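The next block is input.cif, given as mmCIF, C-alpha atoms.
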data_start
loop_
_atom_site.label_atom_id
_atom_site.label_comp_id
_atom_site.auth_asym_id
_atom_site.auth_seq_id
_atom_site.Cartn_x
_atom_site.Cartn_y
_atom_site.Cartn_z
CA MET F 1 5.59 -37.83 19.17
CA GLU F 2 3.28 -39.88 17.00
CA LEU F 3 4.94 -41.71 14.12
CA SER F 4 2.63 -40.09 11.52
CA LEU F 5 3.43 -36.60 12.78
CA LEU F 6 7.14 -37.40 12.77
CA PHE F 7 7.02 -38.46 9.11
CA GLN F 8 5.01 -35.34 8.25
CA HIS F 9 7.74 -33.12 9.71
CA LEU F 10 10.44 -34.99 7.82
CA ALA F 11 8.47 -34.97 4.56
CA ILE F 12 7.85 -31.22 4.76
CA ALA F 13 11.52 -30.58 5.59
CA LEU F 14 12.55 -32.72 2.62
CA GLY F 15 10.15 -30.91 0.29
CA LEU F 16 11.22 -27.43 1.38
CA GLY F 17 14.87 -28.43 1.06
CA PHE F 18 14.29 -29.75 -2.44
CA LEU F 19 12.49 -26.55 -3.42
CA VAL F 20 15.39 -24.32 -2.40
CA GLY F 21 17.94 -26.87 -3.64
CA ILE F 22 16.44 -26.94 -7.11
CA GLN F 23 16.71 -23.16 -7.31
CA ARG F 24 20.36 -23.16 -6.19
CA GLU F 25 21.16 -26.03 -8.56
CA SER F 26 19.65 -24.07 -11.45
CA VAL F 27 22.17 -21.27 -10.93
CA ALA F 28 25.06 -23.73 -10.46
CA SER F 29 25.83 -22.78 -6.88
CA PRO F 30 29.22 -24.33 -6.03
CA LEU F 31 28.48 -24.72 -2.32
CA ALA F 32 25.06 -26.42 -2.10
CA GLY F 33 22.40 -27.66 -4.47
CA ILE F 34 19.56 -30.11 -4.92
CA ARG F 35 21.00 -32.73 -2.54
CA THR F 36 22.62 -30.56 0.10
CA PHE F 37 19.65 -28.33 0.94
CA PRO F 38 17.23 -31.22 1.70
CA LEU F 39 19.92 -32.73 3.95
CA ILE F 40 20.41 -29.43 5.76
CA THR F 41 16.68 -28.93 6.35
CA ILE F 42 16.21 -32.49 7.59
CA PHE F 43 19.30 -32.04 9.78
CA GLY F 44 17.57 -29.08 11.46
CA THR F 45 14.41 -31.12 11.98
CA ILE F 46 16.31 -34.06 13.48
CA CYS F 47 18.20 -31.77 15.86
CA ALA F 48 14.93 -30.23 17.05
CA LEU F 49 13.42 -33.71 17.50
CA LEU F 50 16.42 -34.74 19.64
CA GLY F 51 16.13 -31.58 21.74
CA PRO F 52 13.56 -32.90 24.25
CA VAL F 53 15.77 -35.95 24.87
CA PHE F 54 19.27 -34.48 24.96
CA GLY F 55 18.48 -30.82 25.64
CA GLY F 56 17.91 -27.76 23.49
CA TRP F 57 21.65 -27.17 23.21
CA ILE F 58 21.79 -29.78 20.45
CA VAL F 59 20.07 -27.37 18.04
CA GLY F 60 22.75 -24.78 18.72
CA VAL F 61 25.52 -27.34 18.29
CA GLY F 62 23.99 -28.40 14.98
CA LEU F 63 23.95 -24.78 13.80
CA ILE F 64 27.61 -24.34 14.80
CA ALA F 65 28.54 -27.56 13.01
CA LEU F 66 26.76 -26.39 9.86
CA ALA F 67 28.48 -23.00 10.06
CA ALA F 68 31.84 -24.79 10.34
CA LEU F 69 31.08 -26.89 7.26
CA ILE F 70 30.08 -23.76 5.36
CA PHE F 71 33.35 -22.11 6.41
CA VAL F 72 35.42 -25.06 5.21
CA GLY F 73 33.52 -25.23 1.93
CA ARG F 74 33.93 -21.50 1.50
CA ILE F 75 37.65 -21.55 2.11
CA THR F 76 38.08 -24.45 -0.31
CA GLY F 77 35.91 -22.80 -2.96
CA THR F 78 37.62 -19.40 -2.85
CA LYS F 79 40.83 -20.95 -4.17
CA ASP F 80 39.11 -20.66 -7.52
CA ALA F 81 39.14 -16.98 -8.43
CA ALA F 82 36.05 -17.43 -10.60
CA VAL F 83 33.84 -18.35 -7.64
CA ASP F 84 31.24 -15.76 -6.72
CA VAL F 85 32.10 -14.26 -3.32
CA GLY F 86 28.46 -13.53 -2.41
CA LEU F 87 26.98 -14.94 0.78
CA THR F 88 23.47 -15.72 -0.49
CA THR F 89 23.83 -19.50 -0.55
CA GLU F 90 25.55 -19.59 2.84
CA VAL F 91 22.80 -17.54 4.50
CA ALA F 92 20.14 -19.67 2.78
CA MET F 93 21.78 -22.82 4.20
CA LEU F 94 21.66 -21.46 7.75
CA LEU F 95 18.10 -20.28 7.30
CA MET F 96 16.87 -23.61 5.93
CA TYR F 97 18.48 -25.38 8.92
CA ALA F 98 16.53 -23.04 11.22
CA ILE F 99 13.31 -23.61 9.27
CA GLY F 100 13.79 -27.37 9.59
CA ALA F 101 14.13 -26.98 13.36
CA TYR F 102 11.17 -24.59 13.56
CA LEU F 103 8.95 -27.19 11.90
CA VAL F 104 9.12 -29.19 15.13
CA VAL F 105 8.70 -26.41 17.69
CA GLY F 106 6.64 -23.81 15.81
CA GLN F 107 3.70 -23.50 13.46
CA ARG F 108 3.87 -25.62 10.34
CA ALA F 109 2.18 -23.04 8.11
CA ILE F 110 4.79 -20.39 9.00
CA ALA F 111 7.66 -22.79 8.31
CA ILE F 112 6.22 -23.71 4.91
CA ALA F 113 5.64 -20.05 4.04
CA LEU F 114 9.20 -19.17 5.05
CA GLY F 115 10.68 -22.01 3.01
CA GLY F 116 8.66 -21.04 -0.04
CA GLY F 117 9.58 -17.39 0.47
CA VAL F 118 13.28 -18.26 0.53
CA ALA F 119 12.97 -20.09 -2.80
CA VAL F 120 11.07 -17.18 -4.38
CA LEU F 121 13.53 -14.61 -3.05
CA LEU F 122 16.48 -16.56 -4.42
CA HIS F 123 14.82 -17.09 -7.79
CA PHE F 124 13.98 -13.45 -8.47
CA LYS F 125 17.52 -12.17 -8.00
CA GLY F 126 17.64 -10.53 -11.44
CA GLU F 127 14.29 -8.84 -11.09
CA LEU F 128 15.11 -7.54 -7.60
CA HIS F 129 18.47 -6.17 -8.73
CA GLY F 130 16.76 -4.59 -11.74
CA PHE F 131 14.18 -3.00 -9.47
CA VAL F 132 16.87 -1.43 -7.29
CA ASP F 133 18.85 -0.29 -10.34
CA LYS F 134 15.82 1.62 -11.60
CA LEU F 135 15.41 3.48 -8.32
CA GLY F 136 17.20 6.78 -8.08
CA ALA F 137 18.44 8.55 -4.98
CA ASN F 138 15.15 10.43 -4.57
CA ASP F 139 13.15 7.19 -4.81
CA LEU F 140 15.26 5.48 -2.16
CA LYS F 141 14.87 8.60 -0.04
CA ALA F 142 11.08 8.29 -0.40
CA ILE F 143 11.15 4.66 0.75
CA MET F 144 13.43 5.43 3.72
CA GLN F 145 11.24 8.35 4.73
CA PHE F 146 8.24 6.04 4.72
CA VAL F 147 10.22 3.66 6.95
CA LEU F 148 10.87 6.60 9.28
CA ILE F 149 7.18 7.50 9.31
CA SER F 150 5.84 3.97 9.79
CA LEU F 151 8.50 2.00 11.70
CA VAL F 152 10.31 4.65 13.74
CA ILE F 153 7.82 7.40 14.61
CA LEU F 154 4.60 5.37 14.85
CA PRO F 155 5.68 2.85 17.56
CA VAL F 156 6.95 5.53 19.97
CA LEU F 157 3.81 7.70 19.93
CA PRO F 158 1.54 7.40 22.99
CA ASN F 159 -1.52 5.24 22.47
CA ARG F 160 -4.05 7.19 24.53
CA THR F 161 -6.48 10.04 24.01
CA PHE F 162 -5.84 13.66 24.93
CA GLY F 163 -7.99 16.77 25.21
CA PRO F 164 -11.75 17.26 25.24
CA TYR F 165 -14.12 14.89 23.40
CA ALA F 166 -11.52 12.09 23.83
CA VAL F 167 -10.80 11.76 20.10
CA LEU F 168 -7.15 12.86 19.77
CA ASN F 169 -4.99 9.75 20.01
CA PRO F 170 -1.45 10.48 18.68
CA ARG F 171 -0.79 6.91 17.56
CA HIS F 172 -4.15 6.56 15.82
CA ILE F 173 -3.67 9.92 14.10
CA TRP F 174 -0.20 8.99 12.87
CA LEU F 175 -1.48 5.58 11.75
CA MET F 176 -3.78 7.41 9.35
CA VAL F 177 -0.76 9.33 8.09
CA VAL F 178 1.03 6.03 7.46
CA LEU F 179 -2.03 4.73 5.59
CA ILE F 180 -2.35 7.72 3.26
CA VAL F 181 1.38 8.07 2.66
CA GLY F 182 1.60 4.32 1.95
CA ILE F 183 -1.12 4.50 -0.70
CA SER F 184 0.47 7.56 -2.31
CA LEU F 185 3.96 6.04 -2.15
CA GLY F 186 2.73 2.93 -3.97
CA GLY F 187 1.46 5.13 -6.77
CA TYR F 188 4.66 7.17 -6.77
CA ILE F 189 6.94 4.13 -7.11
CA THR F 190 4.75 2.79 -9.92
CA TYR F 191 4.96 6.20 -11.59
CA LYS F 192 8.76 6.07 -11.44
CA PHE F 193 8.70 2.87 -13.49
CA PHE F 194 5.84 3.58 -15.89
CA GLY F 195 5.06 7.29 -15.63
CA GLN F 196 7.20 8.41 -18.55
CA SER F 197 5.51 5.96 -20.92
CA ALA F 198 2.13 5.58 -19.24
CA GLY F 199 -0.98 5.44 -21.34
CA ILE F 200 -4.01 7.50 -20.47
CA LEU F 201 -5.57 4.88 -18.22
CA LEU F 202 -2.43 4.22 -16.19
CA GLY F 203 -1.61 7.91 -16.11
CA GLY F 204 -5.01 8.76 -14.62
CA VAL F 205 -4.85 5.89 -12.13
CA LEU F 206 -1.38 6.88 -10.92
CA GLY F 207 -2.44 10.50 -10.72
CA GLY F 208 -5.41 9.51 -8.55
CA LEU F 209 -3.23 7.41 -6.28
CA ILE F 210 -0.57 10.07 -5.77
CA SER F 211 -2.72 13.23 -5.82
CA SER F 212 -5.82 13.74 -7.93
CA THR F 213 -5.85 17.46 -7.11
CA ALA F 214 -2.24 17.93 -8.27
CA THR F 215 -3.04 15.93 -11.42
CA THR F 216 -6.05 18.15 -12.13
CA VAL F 217 -4.01 21.33 -11.73
CA SER F 218 -1.16 20.01 -13.91
CA TYR F 219 -3.40 18.92 -16.77
CA ALA F 220 -5.47 22.11 -16.60
CA ARG F 221 -2.30 24.15 -17.12
CA ARG F 222 -1.18 21.84 -19.90
CA ALA F 223 -4.52 22.20 -21.69
CA LYS F 224 -4.30 25.99 -21.50
CA GLU F 225 -0.84 25.92 -23.10
CA THR F 226 -1.89 23.34 -25.74
CA PRO F 227 -5.66 23.57 -26.32
CA GLU F 228 -5.61 20.56 -28.69
CA SER F 229 -4.88 18.35 -25.66
CA SER F 230 -8.08 19.36 -23.86
CA SER F 231 -9.86 16.10 -24.60
CA LEU F 232 -6.94 14.07 -23.29
CA ALA F 233 -6.57 16.27 -20.20
CA ALA F 234 -10.27 15.98 -19.38
CA LEU F 235 -10.08 12.19 -19.55
CA VAL F 236 -7.01 11.97 -17.27
CA ILE F 237 -8.68 14.30 -14.75
CA LEU F 238 -11.82 12.16 -14.83
CA ILE F 239 -9.89 8.91 -14.34
CA ALA F 240 -7.88 10.42 -11.47
CA SER F 241 -11.11 11.57 -9.83
CA THR F 242 -12.57 8.10 -10.32
CA VAL F 243 -9.65 6.56 -8.43
CA VAL F 244 -10.45 8.86 -5.50
CA PHE F 245 -13.69 6.97 -4.86
CA GLY F 246 -11.77 3.72 -4.92
CA ARG F 247 -9.36 5.20 -2.37
CA LEU F 248 -12.26 6.22 -0.13
CA ILE F 249 -13.71 2.71 -0.19
CA LEU F 250 -10.29 1.27 0.67
CA GLU F 251 -9.81 3.74 3.53
CA VAL F 252 -13.20 2.92 5.04
CA ALA F 253 -12.51 -0.81 4.70
CA LEU F 254 -9.18 -0.50 6.51
CA VAL F 255 -10.24 1.88 9.27
CA ALA F 256 -13.84 0.81 9.96
CA PRO F 257 -14.69 -2.53 8.28
CA HIS F 258 -18.04 -2.72 10.07
CA PHE F 259 -18.97 0.62 8.51
CA LEU F 260 -18.08 -0.52 4.99
CA PRO F 261 -21.38 -2.32 4.13
CA GLN F 262 -23.30 0.87 4.88
CA ALA F 263 -20.88 3.24 3.18
CA SER F 264 -20.10 1.09 0.16
CA LEU F 265 -23.45 1.42 -1.66
CA PRO F 266 -23.32 5.19 -2.35
CA LEU F 267 -19.55 5.19 -2.91
CA VAL F 268 -19.69 2.24 -5.31
CA LEU F 269 -22.57 3.85 -7.23
CA LEU F 270 -20.55 7.04 -7.63
CA LEU F 271 -17.46 5.04 -8.59
CA LEU F 272 -19.35 3.07 -11.25
CA THR F 273 -20.85 6.27 -12.64
CA MET F 274 -17.37 7.74 -13.00
CA VAL F 275 -16.18 4.56 -14.71
CA VAL F 276 -19.06 4.67 -17.19
CA LEU F 277 -18.42 8.33 -17.94
CA SER F 278 -14.75 7.50 -18.59
CA ILE F 279 -15.31 4.58 -20.99
CA PHE F 280 -16.25 6.39 -24.18
CA PRO F 281 -13.66 9.20 -23.94
CA TRP F 282 -11.04 6.56 -23.18
CA LEU F 283 -11.98 4.50 -26.22
CA TRP F 284 -11.62 7.64 -28.32
CA ASN F 285 -8.20 8.59 -26.90
CA ARG F 286 -6.77 5.22 -25.88
CA ASN F 287 -3.97 5.22 -28.48
CA ASP F 288 -2.53 8.49 -27.23
CA LYS F 289 0.40 8.38 -24.82
CA SER F 290 0.16 10.50 -21.71
CA GLU F 291 3.39 11.53 -20.04
CA LEU F 292 2.60 12.29 -16.44
CA PRO F 293 3.83 15.61 -15.09
CA PRO F 294 6.62 15.38 -12.49
CA GLN F 295 5.31 14.04 -9.19
CA GLU F 296 6.54 14.99 -5.74
CA ASN F 297 7.76 12.51 -3.13
CA PRO F 298 4.64 11.72 -1.03
CA SER F 299 6.67 10.58 2.01
CA GLU F 300 8.32 13.90 2.78
CA LEU F 301 8.06 14.52 6.52
CA LYS F 302 6.61 18.03 6.32
CA PRO F 303 3.55 17.06 4.20
CA ALA F 304 3.06 13.99 6.42
CA ILE F 305 3.05 16.16 9.55
CA PHE F 306 0.70 18.60 7.84
CA PHE F 307 -1.73 15.82 6.97
CA GLY F 308 -1.52 14.49 10.54
CA LEU F 309 -2.36 17.95 11.89
CA LEU F 310 -5.15 18.36 9.35
CA TYR F 311 -6.59 14.96 10.23
CA GLY F 312 -6.42 15.73 13.96
CA VAL F 313 -8.09 19.11 13.47
CA VAL F 314 -10.86 17.61 11.35
CA LEU F 315 -11.38 14.81 13.86
CA PHE F 316 -11.60 17.30 16.73
CA VAL F 317 -13.84 19.74 14.85
CA VAL F 318 -16.25 16.99 13.75
CA ALA F 319 -16.59 15.75 17.35
CA ALA F 320 -17.03 19.30 18.68
CA VAL F 321 -19.56 20.33 16.02
CA LYS F 322 -21.59 17.16 16.58
CA GLU F 323 -21.63 17.89 20.31
CA HIS F 324 -22.72 21.53 20.04
CA PHE F 325 -24.40 22.07 16.66
CA GLY F 326 -25.79 18.72 15.56
CA ALA F 327 -25.79 17.13 12.11
CA GLY F 328 -26.26 20.37 10.17
CA GLY F 329 -22.90 21.72 11.24
CA LEU F 330 -21.17 18.46 10.32
CA TYR F 331 -22.07 18.85 6.66
CA VAL F 332 -20.51 22.32 6.60
CA VAL F 333 -17.31 20.89 8.09
CA ALA F 334 -17.31 18.06 5.55
CA ALA F 335 -17.83 20.44 2.64
CA LEU F 336 -15.02 22.76 3.75
CA SER F 337 -12.64 19.91 4.52
CA GLY F 338 -13.32 18.16 1.23
CA LEU F 339 -12.35 21.19 -0.81
CA THR F 340 -8.66 20.40 -0.48
CA ASP F 341 -8.36 16.95 1.13
CA VAL F 342 -11.12 14.35 1.17
CA ASP F 343 -8.93 11.73 2.89
CA ALA F 344 -8.87 13.52 6.25
CA ILE F 345 -12.65 13.81 6.61
CA THR F 346 -13.13 10.25 5.35
CA LEU F 347 -10.72 8.79 7.89
CA SER F 348 -11.98 10.91 10.79
CA THR F 349 -15.61 10.09 10.02
CA SER F 350 -14.83 6.39 9.73
CA GLN F 351 -13.02 6.49 13.09
CA LEU F 352 -15.97 8.15 14.80
CA VAL F 353 -18.45 5.69 13.28
CA ASN F 354 -16.21 2.80 14.29
CA ALA F 355 -16.12 4.14 17.87
CA GLY F 356 -19.91 4.45 17.95
CA ARG F 357 -19.80 8.24 18.26
CA LEU F 358 -21.41 8.90 14.89
CA ASP F 359 -24.32 7.26 13.13
CA GLY F 360 -23.40 5.26 10.01
CA GLY F 361 -26.04 7.01 7.91
CA GLN F 362 -24.59 10.38 8.82
CA GLY F 363 -21.11 9.03 8.31
CA TRP F 364 -21.41 8.04 4.65
CA ARG F 365 -23.30 11.24 3.88
CA LEU F 366 -20.44 13.31 5.31
CA ILE F 367 -17.98 11.39 3.14
CA VAL F 368 -20.10 11.89 0.03
CA VAL F 369 -20.49 15.62 0.80
CA ALA F 370 -16.71 15.93 1.11
CA ALA F 371 -16.17 14.01 -2.15
CA LEU F 372 -18.67 16.24 -3.98
CA SER F 373 -17.01 19.33 -2.51
CA ASN F 374 -13.70 18.03 -3.86
CA LEU F 375 -15.23 17.68 -7.34
CA VAL F 376 -16.41 21.30 -7.14
CA PHE F 377 -12.90 22.39 -6.18
CA LYS F 378 -11.42 20.55 -9.16
CA ALA F 379 -13.93 22.10 -11.53
CA GLY F 380 -13.03 25.52 -10.11
CA ALA F 381 -9.32 24.81 -10.57
CA VAL F 382 -9.95 23.87 -14.20
CA ALA F 383 -11.98 27.05 -14.71
CA LEU F 384 -9.15 29.20 -13.32
CA LEU F 385 -6.15 27.39 -14.78
CA GLY F 386 -7.45 25.68 -17.92
CA ASN F 387 -9.27 26.72 -21.06
CA ARG F 388 -12.97 26.97 -21.82
CA GLN F 389 -13.12 23.71 -23.78
CA LEU F 390 -11.55 21.74 -20.92
CA PHE F 391 -13.85 23.37 -18.37
CA LEU F 392 -16.95 22.45 -20.37
CA ARG F 393 -15.85 18.83 -20.66
CA VAL F 394 -14.83 18.44 -17.02
CA SER F 395 -17.75 20.35 -15.52
CA THR F 396 -20.26 18.36 -17.58
CA MET F 397 -18.88 14.98 -16.52
CA LEU F 398 -18.31 15.94 -12.89
CA GLY F 399 -21.69 17.66 -12.83
CA VAL F 400 -23.41 14.35 -13.55
CA VAL F 401 -21.60 12.74 -10.63
CA PHE F 402 -22.39 15.71 -8.40
CA ALA F 403 -26.10 15.47 -9.20
CA LEU F 404 -26.10 11.73 -8.46
CA GLY F 405 -24.32 12.36 -5.16
CA VAL F 406 -26.92 14.94 -4.10
CA PHE F 407 -29.67 12.51 -5.10
CA LEU F 408 -28.13 9.75 -2.95
CA ILE F 409 -27.68 12.04 0.06
CA PHE F 410 -31.36 13.02 0.16
CA LEU F 411 -33.09 9.91 -1.08
CA LEU F 412 -31.12 6.91 0.13
CA PRO F 413 -32.42 5.61 3.48
CA SER F 414 -30.17 5.94 6.52
#
Would you encode the structure as structure tokens?
Amino acid sequence: MELSLLFQHLAIALGLGFLVGIQRESVASPLAGIRTFPLITIFGTICALLGPVFGGWIVGVGLIALAALIFVGRITGTKDAAVDVGLTTEVAMLLMYAIGAYLVVGQRAIAIALGGGVAVLLHFKGELHGFVDKLGANDLKAIMQFVLISLVILPVLPNRTFGPYAVLNPRHIWLMVVLIVGISLGGYITYKFFGQSAGILLGGVLGGLISSTATTVSYARRAKETPESSSLAALVILIASTVVFGRLILEVALVAPHFLPQASLPLVLLLLTMVVLSIFPWLWNRNDKSELPPQENPSELKPAIFFGLLYGVVLFVVAAVKEHFGAGGLYVVAALSGLTDVDAITLSTSQLVNAGRLDGGQGWRLIVVAALSNLVFKAGAVALLGNRQLFLRVSTMLGVVFALGVFLIFLLPS
């Protein structure tokens, strides 16, 4: 090994050891601190450097020797009853030894990222414990259910297409479920921390992330019970509906990045229009506090399965209608699908465009039609569940967006 490369490995090991050592020294760890951690990391690097000469076993022997030293230090330290019996420092010592060895045999960038991550993880102990303390049993259940959906079910599903039109791939379908549930779960966890004291802006954003339709229904009912809150309810509904367009852009970017440049123009224009329409009502009501209505766990297995079935049905129907009825039938499918769930048609359309089975110009138009259909559904929900004042406010603002969407569909070039 070149001398310059050798010194680079040792310098990086020293720096990473110092970084973690400083953190442990700051909390007065009795086992290892600012001097011990650099020595441990360099020890791992030296053992890995000696491996090609004496054999790879030397790395294992070094790890055993370190573990023995930790054991002796632990036994000596526990004679003092005041010593913390946690294992954080001990595990960090073993990990930094391994990172020092990995510097020689692996990728430098990964080793540096791991060393920095260890220091950050150790430093934010209080914040991490506080985060867990704020989570209730239902919140932990939501996280574990998402783990079930994403890390247990997804990997075992077959990764091949079934049925006619070759569009039903179980793993791809469930991957879309993971995507939508992940976005909603992020909003749900944020709601658990800020939902009870959220302002209007945050309340609308969280409502859009978790479920804009549920938010619309909740605030329509609230406005009917308390008509003086109609202005506030209209603003939250508008903000939640604005977030939907941001979700659609994100979904297209994740599923079909090559389709994004074509789809982004109309979606961004509609998003910006919604933002502009929200500014003045927000300025008028910004000092009011909006307590979000109770939100349901978005990672429940039954709704996830339902969305997967819905997405698969939409994907199949879009492919079948395109095959037998042409573009005209696709817009009917998009309008009907968008009434209750615009995510399914957006993801299925993006998948078909990405696979070259649907033209990009048709693709973004189908997404816009579904989004406009969803706005119509929300206005109808407000008309049925809310009061007249709320309906006039919501229908006027959403009507402007609807008109712009129709204009874009017919006049924007393909």
Name all residues at most 9 Å from stretch 270-273 of chain F (count all atoms listed in the file; drop same-chain ones fewer than 3 positions away) and give them as an NGL selection string.
:F and (242-246 or 265-267 or 276-278 or 400-402 or 404-405)
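Shortest separation to F:Leu49 among F:Leu122, F:Ala334, F:Leu248, F:Leu10 occurs at residue F:Leu10, atoms counted being only C-alpha atoms.
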One number please: atom CA of F:Ile112 to atom CA of F:Ile12, in Å, one decimal.
7.7 Å
If you count only C-alpha atoms, which residues fall within 10 Å of stretch 335-347 of chain F, apart from same-chain ones fewer than 6 positions away, as number ranges by chain?
F: 173, 176-177, 179-180, 211-213, 244-245, 247-249, 251-252, 254-256, 307-315, 318, 353, 363-364, 366-378
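Coordinates place atom CA of F:Ile237 at a distance of 25.6 Å from atom CA of F:Val178.
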Please enclose the listed atoms of stretch 353-369 of chain F in an axis-aligned box, pad each side by 6 Å, and write out the centre and the three edge lengths in Å, rounded to one decimal, as AutoDock Vina command-line options.
--center_x -21.1 --center_y 9.2 --center_z 9.1 --size_x 21.9 --size_y 24.8 --size_z 30.2
With 7 Å as the cut-off and all atoms listed in the file counted, what is the closest atom pair between each nearby residue of stretch 97-147 of chain F and stretch 35-46 of chain F? Distances in Å to one decimal, ordered by chain and number, as JSON lines.
{"residue": "F:Tyr97", "atom": "CA", "partner": "F:Gly44", "partner_atom": "CA", "distance": 4.6}
{"residue": "F:Ala98", "atom": "CA", "partner": "F:Gly44", "partner_atom": "CA", "distance": 6.1}
{"residue": "F:Ile99", "atom": "CA", "partner": "F:Thr41", "partner_atom": "CA", "distance": 6.9}
{"residue": "F:Gly100", "atom": "CA", "partner": "F:Thr45", "partner_atom": "CA", "distance": 4.5}
{"residue": "F:Ala101", "atom": "CA", "partner": "F:Thr45", "partner_atom": "CA", "distance": 4.4}
{"residue": "F:Leu103", "atom": "CA", "partner": "F:Thr45", "partner_atom": "CA", "distance": 6.7}
{"residue": "F:Val104", "atom": "CA", "partner": "F:Thr45", "partner_atom": "CA", "distance": 6.5}
I'd like the interatomic distance between atom CA of F:Asp133 and atom CA of F:Gly186, to a tenth of an Å.
17.6 Å
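Here the question is which of F:Tyr188, F:Phe306, F:Tyr331, F:Phe259 gets nearest to F:Gly361 using all atoms listed in the file, and that residue is F:Phe259.
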Quick one: which residues end up in the PyMOL selection byres ((chain F and resi 215-232) around 8) for this structure, as an mmCIF file with C-alpha atoms, keeping the file's coordinate frame?
data_model
loop_
_atom_site.group_PDB
_atom_site.id
_atom_site.type_symbol
_atom_site.label_atom_id
_atom_site.label_comp_id
_atom_site.auth_asym_id
_atom_site.auth_seq_id
_atom_site.Cartn_x
_atom_site.Cartn_y
_atom_site.Cartn_z
ATOM 1 C CA ILE F 200 -4.010 7.500 -20.470
ATOM 2 C CA GLY F 207 -2.440 10.500 -10.720
ATOM 3 C CA GLY F 208 -5.410 9.510 -8.550
ATOM 4 C CA SER F 211 -2.720 13.230 -5.820
ATOM 5 C CA SER F 212 -5.820 13.740 -7.930
ATOM 6 C CA THR F 213 -5.850 17.460 -7.110
ATOM 7 C CA ALA F 214 -2.240 17.930 -8.270
ATOM 8 C CA ALA F 233 -6.570 16.270 -20.200
ATOM 9 C CA ALA F 234 -10.270 15.980 -19.380
ATOM 10 C CA LEU F 235 -10.080 12.190 -19.550
ATOM 11 C CA VAL F 236 -7.010 11.970 -17.270
ATOM 12 C CA ILE F 237 -8.680 14.300 -14.750
ATOM 13 C CA ALA F 240 -7.880 10.420 -11.470
ATOM 14 C CA PRO F 281 -13.660 9.200 -23.940
ATOM 15 C CA ASN F 285 -8.200 8.590 -26.900
ATOM 16 C CA PRO F 293 3.830 15.610 -15.090
ATOM 17 C CA LYS F 378 -11.420 20.550 -9.160
ATOM 18 C CA ALA F 381 -9.320 24.810 -10.570
ATOM 19 C CA VAL F 382 -9.950 23.870 -14.200
ATOM 20 C CA LEU F 385 -6.150 27.390 -14.780
ATOM 21 C CA GLY F 386 -7.450 25.680 -17.920
ATOM 22 C CA ASN F 387 -9.270 26.720 -21.060
ATOM 23 C CA GLN F 389 -13.120 23.710 -23.780
ATOM 24 C CA LEU F 390 -11.550 21.740 -20.920
ATOM 25 C CA ARG F 393 -15.850 18.830 -20.660
#
With only C-alpha atoms as the basis for distance, which of F:Lys302, F:His258, F:Arg171, F:Arg365 is at the shortest distance from F:Val152?
F:Arg171
List as a list in words the residues having at least one atom at most 12 Å from position (9.3, -19.7, 0.7) as given in the file, counting only C-alpha atoms.
Gly15, Leu16, Gly17, Phe18, Leu19, Val20, Gln23, Ala92, Leu95, Met96, Ile99, Ala109, Ile110, Ala111, Ile112, Ala113, Leu114, Gly115, Gly116, Gly117, Val118, Ala119, Val120, Leu121, Leu122 and His123 of chain F
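Take the candidates F:Ala28, F:Arg74, F:Ala137, F:Ala13 and check each one against F:Ala48 using all atoms listed in the file; the shortest distance goes to F:Ala13.
Of the residues under consideration (F:Val61, F:Leu14, F:Leu31, F:Leu175), F:Leu175 shows the shortest atom-to-atom contact distance to F:Leu151 when counting all atoms listed in the file.
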